[in-house]
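Next up, target37.cif (mmCIF, C-alpha atoms):
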data_structure
loop_
_atom_site.group_PDB
_atom_site.id
_atom_site.type_symbol
_atom_site.label_atom_id
_atom_site.label_comp_id
_atom_site.auth_asym_id
_atom_site.auth_seq_id
_atom_site.Cartn_x
_atom_site.Cartn_y
_atom_site.Cartn_z
ATOM 1 C CA MET A 1 64.940 -62.944 -3.314
ATOM 2 C CA ALA A 2 68.396 -63.732 -4.632
ATOM 3 C CA ALA A 3 70.927 -65.909 -2.902
ATOM 4 C CA PRO A 4 73.629 -64.247 -0.784
ATOM 5 C CA GLY A 5 76.134 -62.567 -3.059
ATOM 6 C CA GLY A 6 73.476 -62.282 -5.758
ATOM 7 C CA THR A 7 71.674 -59.296 -7.132
ATOM 8 C CA TRP A 8 68.401 -57.590 -6.326
ATOM 9 C CA ALA A 9 66.838 -54.960 -8.617
ATOM 10 C CA GLY A 10 70.148 -54.819 -10.475
ATOM 11 C CA LEU A 11 72.051 -54.083 -7.261
ATOM 12 C CA ARG A 12 74.110 -56.156 -4.888
ATOM 13 C CA GLU A 13 71.914 -58.173 -2.546
ATOM 14 C CA ASP A 14 74.074 -57.336 0.463
ATOM 15 C CA ALA A 15 73.662 -53.580 -0.163
ATOM 16 C CA LYS A 16 69.895 -53.678 0.541
ATOM 17 C CA PRO A 17 70.245 -52.039 3.974
ATOM 18 C CA LEU A 18 71.978 -49.075 2.292
ATOM 19 C CA VAL A 19 69.178 -48.893 -0.276
ATOM 20 C CA TYR A 20 66.562 -48.591 2.470
ATOM 21 C CA ALA A 21 68.629 -46.103 4.480
ATOM 22 C CA GLY A 22 69.367 -43.976 1.428
ATOM 23 C CA ALA A 23 65.748 -43.947 0.271
ATOM 24 C CA LEU A 24 64.481 -42.886 3.705
ATOM 25 C CA LEU A 25 67.142 -40.183 3.963
ATOM 26 C CA GLY A 26 66.302 -38.970 0.460
ATOM 27 C CA ILE A 27 62.587 -38.739 1.213
ATOM 28 C CA GLY A 28 63.371 -36.777 4.372
ATOM 29 C CA LEU A 29 65.891 -34.461 2.711
ATOM 30 C CA GLY A 30 63.587 -33.883 -0.260
ATOM 31 C CA GLY A 31 60.808 -32.933 2.121
ATOM 32 C CA PHE A 32 63.069 -30.636 4.100
ATOM 33 C CA PHE A 33 64.252 -28.917 0.921
ATOM 34 C CA ASP A 34 60.660 -28.438 -0.219
ATOM 35 C CA GLY A 35 59.514 -27.138 3.151
ATOM 36 C CA ILE A 36 62.487 -24.945 3.968
ATOM 37 C CA VAL A 37 63.313 -23.557 0.530
ATOM 38 C CA LEU A 38 59.915 -23.424 -1.220
ATOM 39 C CA HIS A 39 57.652 -22.811 1.795
ATOM 40 C CA GLN A 40 59.815 -20.681 4.078
ATOM 41 C CA ILE A 41 62.660 -18.982 2.195
ATOM 42 C CA LEU A 42 61.076 -18.380 -1.219
ATOM 43 C CA GLN A 43 57.533 -18.370 0.237
ATOM 44 C CA TRP A 44 56.069 -19.672 -3.012
ATOM 45 C CA HIS A 45 53.392 -21.685 -1.224
ATOM 46 C CA HIS A 46 52.262 -23.340 2.012
ATOM 47 C CA MET A 47 50.806 -26.838 2.353
ATOM 48 C CA LEU A 48 47.208 -25.677 1.947
ATOM 49 C CA SER A 49 47.649 -22.414 0.031
ATOM 50 C CA ALA A 50 45.559 -23.578 -2.953
ATOM 51 C CA HIS A 51 42.957 -25.496 -0.948
ATOM 52 C CA PRO A 52 39.530 -25.311 -2.648
ATOM 53 C CA ASP A 53 38.015 -23.734 0.475
ATOM 54 C CA PRO A 54 39.185 -20.075 0.514
ATOM 55 C CA ALA A 55 38.859 -19.989 4.313
ATOM 56 C CA VAL A 56 41.426 -22.804 4.573
ATOM 57 C CA ALA A 57 43.711 -21.446 1.835
ATOM 58 C CA GLY A 58 43.828 -18.003 3.437
ATOM 59 C CA ASP A 59 44.227 -19.120 7.055
ATOM 60 C CA LEU A 60 47.910 -18.505 7.780
ATOM 61 C CA ARG A 61 47.780 -20.236 11.183
ATOM 62 C CA LEU A 62 46.294 -23.378 9.635
ATOM 63 C CA ASN A 63 48.848 -23.298 6.812
ATOM 64 C CA VAL A 64 51.741 -22.898 9.250
ATOM 65 C CA LEU A 65 50.352 -25.822 11.277
ATOM 66 C CA ALA A 66 50.109 -27.940 8.112
ATOM 67 C CA ASP A 67 53.681 -26.958 7.199
ATOM 68 C CA GLY A 68 54.804 -27.950 10.708
ATOM 69 C CA LEU A 69 53.113 -31.355 10.476
ATOM 70 C CA PHE A 70 54.750 -31.802 7.072
ATOM 71 C CA HIS A 71 58.148 -30.999 8.609
ATOM 72 C CA ALA A 72 57.483 -33.467 11.437
ATOM 73 C CA ALA A 73 56.866 -36.178 8.826
ATOM 74 C CA THR A 74 60.059 -35.319 6.935
ATOM 75 C CA TYR A 75 61.926 -35.349 10.243
ATOM 76 C CA ALA A 76 60.576 -38.850 10.951
ATOM 77 C CA PHE A 77 61.755 -40.096 7.536
ATOM 78 C CA THR A 78 65.189 -38.544 8.112
ATOM 79 C CA VAL A 79 65.534 -40.094 11.583
ATOM 80 C CA GLY A 80 64.401 -43.430 10.148
ATOM 81 C CA GLY A 81 67.098 -43.114 7.491
ATOM 82 C CA VAL A 82 69.785 -42.303 10.054
ATOM 83 C CA VAL A 83 68.747 -45.292 12.200
ATOM 84 C CA ALA A 84 68.700 -47.578 9.137
ATOM 85 C CA LEU A 85 72.131 -46.303 8.087
ATOM 86 C CA TRP A 86 73.505 -46.817 11.605
ATOM 87 C CA ARG A 87 72.245 -50.402 11.592
ATOM 88 C CA ALA A 88 73.591 -51.025 8.096
ATOM 89 C CA TRP A 89 77.080 -49.853 8.986
ATOM 90 C CA ARG A 90 77.079 -52.015 12.115
ATOM 91 C CA THR A 91 76.337 -55.119 10.023
ATOM 92 C CA PRO A 92 79.565 -56.749 8.812
ATOM 93 C CA ALA A 93 77.971 -58.191 5.662
ATOM 94 C CA VAL A 94 76.965 -54.753 4.328
ATOM 95 C CA PRO A 95 79.539 -53.496 1.810
ATOM 96 C CA ALA A 96 81.164 -50.074 1.819
ATOM 97 C CA ALA A 97 78.904 -49.069 -1.049
ATOM 98 C CA GLY A 98 79.022 -45.278 -0.995
ATOM 99 C CA ARG A 99 77.558 -44.831 -4.468
ATOM 100 C CA THR A 100 74.649 -47.082 -3.577
ATOM 101 C CA LEU A 101 73.879 -44.917 -0.563
ATOM 102 C CA VAL A 102 74.241 -41.600 -2.422
ATOM 103 C CA GLY A 103 72.289 -42.943 -5.382
ATOM 104 C CA PHE A 104 69.390 -43.966 -3.196
ATOM 105 C CA VAL A 105 69.410 -40.669 -1.319
ATOM 106 C CA LEU A 106 68.831 -39.017 -4.712
ATOM 107 C CA LEU A 107 66.310 -41.679 -5.691
ATOM 108 C CA GLY A 108 64.389 -41.188 -2.435
ATOM 109 C CA TRP A 109 64.365 -37.427 -2.958
ATOM 110 C CA GLY A 110 63.032 -38.000 -6.465
ATOM 111 C CA LEU A 111 60.332 -40.326 -5.144
ATOM 112 C CA PHE A 112 59.338 -37.646 -2.659
ATOM 113 C CA ASN A 113 58.978 -35.107 -5.481
ATOM 114 C CA ILE A 114 56.949 -37.500 -7.620
ATOM 115 C CA VAL A 115 54.549 -38.592 -4.865
ATOM 116 C CA GLU A 116 54.178 -35.152 -3.270
ATOM 117 C CA GLY A 117 53.789 -33.512 -6.665
ATOM 118 C CA ALA A 118 51.269 -36.020 -7.980
ATOM 119 C CA VAL A 119 49.177 -36.058 -4.801
ATOM 120 C CA ASN A 120 49.306 -32.466 -3.529
ATOM 121 C CA HIS A 121 49.712 -30.557 -6.802
ATOM 122 C CA HIS A 122 47.624 -32.647 -9.194
ATOM 123 C CA LEU A 123 45.218 -35.000 -7.385
ATOM 124 C CA LEU A 124 44.246 -32.923 -4.339
ATOM 125 C CA GLY A 125 45.272 -29.503 -5.643
ATOM 126 C CA VAL A 126 45.968 -28.236 -2.103
ATOM 127 C CA HIS A 127 48.985 -26.255 -3.291
ATOM 128 C CA HIS A 128 51.110 -25.667 -6.373
ATOM 129 C CA VAL A 129 54.862 -25.142 -6.674
ATOM 130 C CA ARG A 130 54.689 -21.519 -7.777
ATOM 131 C CA PRO A 131 51.151 -20.289 -8.362
ATOM 132 C CA ASP A 132 52.216 -16.810 -9.486
ATOM 133 C CA GLY A 133 55.369 -17.779 -11.393
ATOM 134 C CA PRO A 134 56.137 -17.128 -15.038
ATOM 135 C CA GLY A 135 54.794 -19.769 -17.406
ATOM 136 C CA GLY A 136 51.763 -20.718 -15.354
ATOM 137 C CA VAL A 137 51.000 -23.174 -12.582
ATOM 138 C CA LEU A 138 51.108 -26.307 -14.736
ATOM 139 C CA LEU A 139 54.636 -25.576 -15.963
ATOM 140 C CA TRP A 140 55.998 -25.394 -12.404
ATOM 141 C CA ASP A 141 54.036 -28.443 -11.206
ATOM 142 C CA VAL A 142 55.128 -30.583 -14.164
ATOM 143 C CA GLY A 143 58.690 -29.297 -13.769
ATOM 144 C CA PHE A 144 58.625 -30.475 -10.143
ATOM 145 C CA LEU A 145 57.558 -33.949 -11.311
ATOM 146 C CA ALA A 146 60.254 -33.957 -14.012
ATOM 147 C CA TRP A 147 62.838 -33.001 -11.386
ATOM 148 C CA GLY A 148 61.683 -36.029 -9.381
ATOM 149 C CA VAL A 149 61.940 -38.370 -12.366
ATOM 150 C CA LEU A 150 65.436 -37.037 -13.117
ATOM 151 C CA PHE A 151 66.550 -37.620 -9.511
ATOM 152 C CA VAL A 152 65.169 -41.183 -9.590
ATOM 153 C CA ALA A 153 66.980 -41.964 -12.862
ATOM 154 C CA VAL A 154 70.289 -40.354 -11.865
ATOM 155 C CA GLY A 155 70.147 -41.878 -8.391
ATOM 156 C CA TYR A 156 69.555 -45.375 -9.745
ATOM 157 C CA ALA A 157 72.347 -44.937 -12.308
ATOM 158 C CA ILE A 158 74.762 -43.855 -9.566
ATOM 159 C CA ALA A 159 73.752 -46.814 -7.381
ATOM 160 C CA ARG A 160 74.197 -49.241 -10.290
ATOM 161 C CA SER A 161 77.719 -47.907 -10.888
ATOM 162 C CA ASP A 162 78.870 -48.857 -7.380
ATOM 163 C CA ASP A 163 82.022 -50.949 -7.450
ATOM 164 C CA ALA A 164 81.984 -51.946 -3.790
ATOM 165 C CA ASP A 165 82.341 -55.607 -4.736
ATOM 166 C CA ASP A 166 86.012 -54.791 -5.337
ATOM 167 C CA PRO A 167 87.854 -56.519 -2.467
ATOM 168 C CA ALA A 168 89.948 -53.370 -1.981
ATOM 169 C CA ALA A 169 86.794 -51.441 -1.116
ATOM 170 C CA ARG A 170 85.931 -53.896 1.642
ATOM 171 C CA SER A 171 89.446 -54.260 2.999
ATOM 172 C CA GLY A 172 89.846 -50.478 3.100
ATOM 173 C CA ARG A 173 86.760 -50.140 5.290
ATOM 174 C CA ALA A 174 87.786 -53.047 7.498
ATOM 175 C CA ALA A 175 91.194 -51.455 8.024
ATOM 176 C CA GLU A 176 89.539 -48.190 9.046
ATOM 177 C CA GLU A 177 87.380 -49.931 11.647
ATOM 178 C CA PRO A 178 89.459 -51.734 14.280
ATOM 179 C CA GLY A 179 87.764 -54.831 15.594
ATOM 180 C CA ARG A 180 85.466 -55.192 12.586
ATOM 181 C CA ILE A 181 85.489 -58.709 11.201
ATOM 182 C CA GLU A 182 84.756 -59.122 7.479
#

Let me see whether you can do it: turn the structure in this file into structure tokens.
Amino acid sequence: MAAPGGTWAGLREDAKPLVYAGALLGIGLGGFFDGIVLHQILQWHHMLSAHPDPAVAGDLRLNVLADGLFHAATYAFTVGGVVALWRAWRTPAVPAAGRTLVGFVLLGWGLFNIVEGAVNHHLLGVHHVRPDGPGGVLLWDVGFLAWGVLFVAVGYAIARSDDADDPAARSGRAAEEPGRIE
């Protein structure tokens, strides 16, 4: 661990709380997007729609339950991110590092896509992104992973570009928050 004022993973050490908050929020938002857009609006798949057991794959009640449990997990990640962000902003040493937060929201979303895609689409095969889509199942599943990798890379690049160590960035936030001591 670096000394105060140092760096950590190429980022400011004092921005770590924003990294954690952003990553948790990103995982939650990525899960919500997947569940709401892909499962419910587009209806491309449910959590268990490609399960090897046809009785499980075809059981709508079981699939809706699995989708609900999935949404409960994404809700927990999102609440965890909100709590972490609340704590971060109440800590005077945490900089006003907006790009770090936004970057790690994207990075967390990308991590969600990579882990969910690798585990559910490839390792377990319990569902695929778009089983009946043009180009075949593999194209959509690999595209989902690529989307995740892109979000991780772009998110990290955005976080690395944060200029919150500029004293004006800190003094601007302190001026906006009466009673806050920097």

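Across the structure, CA of Gly155 (chain A) and CA of Leu11 (chain A) are spaced 12.4 Å apart.
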
Determine, counting all atoms listed in the file, which protein, DNA and RNA residues have an atom within 9 Å of an atom of region 104-114 of chain A; residues of the same chain fewer than 2 positions away are not included. Present the result as a short mmCIF file (atom, residue, chain, number, x, y, z; two decimals) with C-alpha atoms, in the frame of the given file.
data_model
loop_
_atom_site.label_atom_id
_atom_site.label_comp_id
_atom_site.auth_asym_id
_atom_site.auth_seq_id
_atom_site.Cartn_x
_atom_site.Cartn_y
_atom_site.Cartn_z
CA LEU A 18 71.98 -49.08 2.29
CA VAL A 19 69.18 -48.89 -0.28
CA TYR A 20 66.56 -48.59 2.47
CA ALA A 21 68.63 -46.10 4.48
CA GLY A 22 69.37 -43.98 1.43
CA ALA A 23 65.75 -43.95 0.27
CA LEU A 24 64.48 -42.89 3.70
CA LEU A 25 67.14 -40.18 3.96
CA GLY A 26 66.30 -38.97 0.46
CA ILE A 27 62.59 -38.74 1.21
CA GLY A 28 63.37 -36.78 4.37
CA LEU A 29 65.89 -34.46 2.71
CA GLY A 30 63.59 -33.88 -0.26
CA GLY A 31 60.81 -32.93 2.12
CA ASP A 34 60.66 -28.44 -0.22
CA ARG A 99 77.56 -44.83 -4.47
CA THR A 100 74.65 -47.08 -3.58
CA LEU A 101 73.88 -44.92 -0.56
CA VAL A 102 74.24 -41.60 -2.42
CA GLU A 116 54.18 -35.15 -3.27
CA GLY A 117 53.79 -33.51 -6.66
CA ALA A 118 51.27 -36.02 -7.98
CA VAL A 119 49.18 -36.06 -4.80
CA PHE A 144 58.62 -30.48 -10.14
CA LEU A 145 57.56 -33.95 -11.31
CA ALA A 146 60.25 -33.96 -14.01
CA TRP A 147 62.84 -33.00 -11.39
CA GLY A 148 61.68 -36.03 -9.38
CA VAL A 149 61.94 -38.37 -12.37
CA LEU A 150 65.44 -37.04 -13.12
CA PHE A 151 66.55 -37.62 -9.51
CA VAL A 152 65.17 -41.18 -9.59
CA ALA A 153 66.98 -41.96 -12.86
CA VAL A 154 70.29 -40.35 -11.86
CA GLY A 155 70.15 -41.88 -8.39
CA TYR A 156 69.56 -45.38 -9.74
CA ILE A 158 74.76 -43.86 -9.57
CA ALA A 159 73.75 -46.81 -7.38
#

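Excluding region 40-43 of chain A and any residue on its chain fewer than 2 positions from it, the residues at most 12 Å away by only C-alpha atoms are Phe32, Phe33, Asp34, Gly35, Ile36, Val37, Leu38, His45, His46, Met47, Ser49, Asn63, Val64, Asp67, Gly68, His71, His128, Val129, Arg130, Pro131, Asp132 and Gly133 of chain A.
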
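For the residues A:Ala73, A:Leu138, A:Leu62, A:Ala96, ranking by smallest atom-to-atom distance to His122 (chain A) using all atoms listed in the file places A:Leu138 first.
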
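In this structure, CA of Gly98 (chain A) sits 12.1 Å away from CA of Pro17 (chain A).
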
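Between CA of Asp53 (chain A) and CA of Gly136 (chain A) the interatomic distance comes to 21.2 Å.
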
Would you place a box with edges along x, y and z of the file around all atoms of region 91-104 of chain A listed there, add 5 Å to each of its six sides, and report the centre and edge lengths in Å to one decimal, as JSON?
{"center_x": 75.3, "center_y": -49.9, "center_z": 2.3, "size_x": 21.8, "size_y": 26.6, "size_z": 25.4}

Counting all atoms listed in the file, closest pick from A:Gly125, A:Gly6, A:Gly135, A:Gly103 relative to His51 (chain A) is A:Gly125

- [ ] Evaluate the PyMOL selection byres ((chain A and resi 84-92) around 6) on the structure here and hand back the selected residues as number ranges by chain.
- [x] A: 17, 21, 81-83, 93-94, 182

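Nearest-residue note for Pro52 (chain A): choosing from A:His127, A:Leu69, A:Gly10, A:Gly80, the minimum distance belongs to A:His127, counting only C-alpha atoms.
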
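Closest approach to Ala97 (chain A) among A:Asp14, A:Ala55, A:Asp141, A:Val126: A:Asp14, based on only C-alpha atoms.
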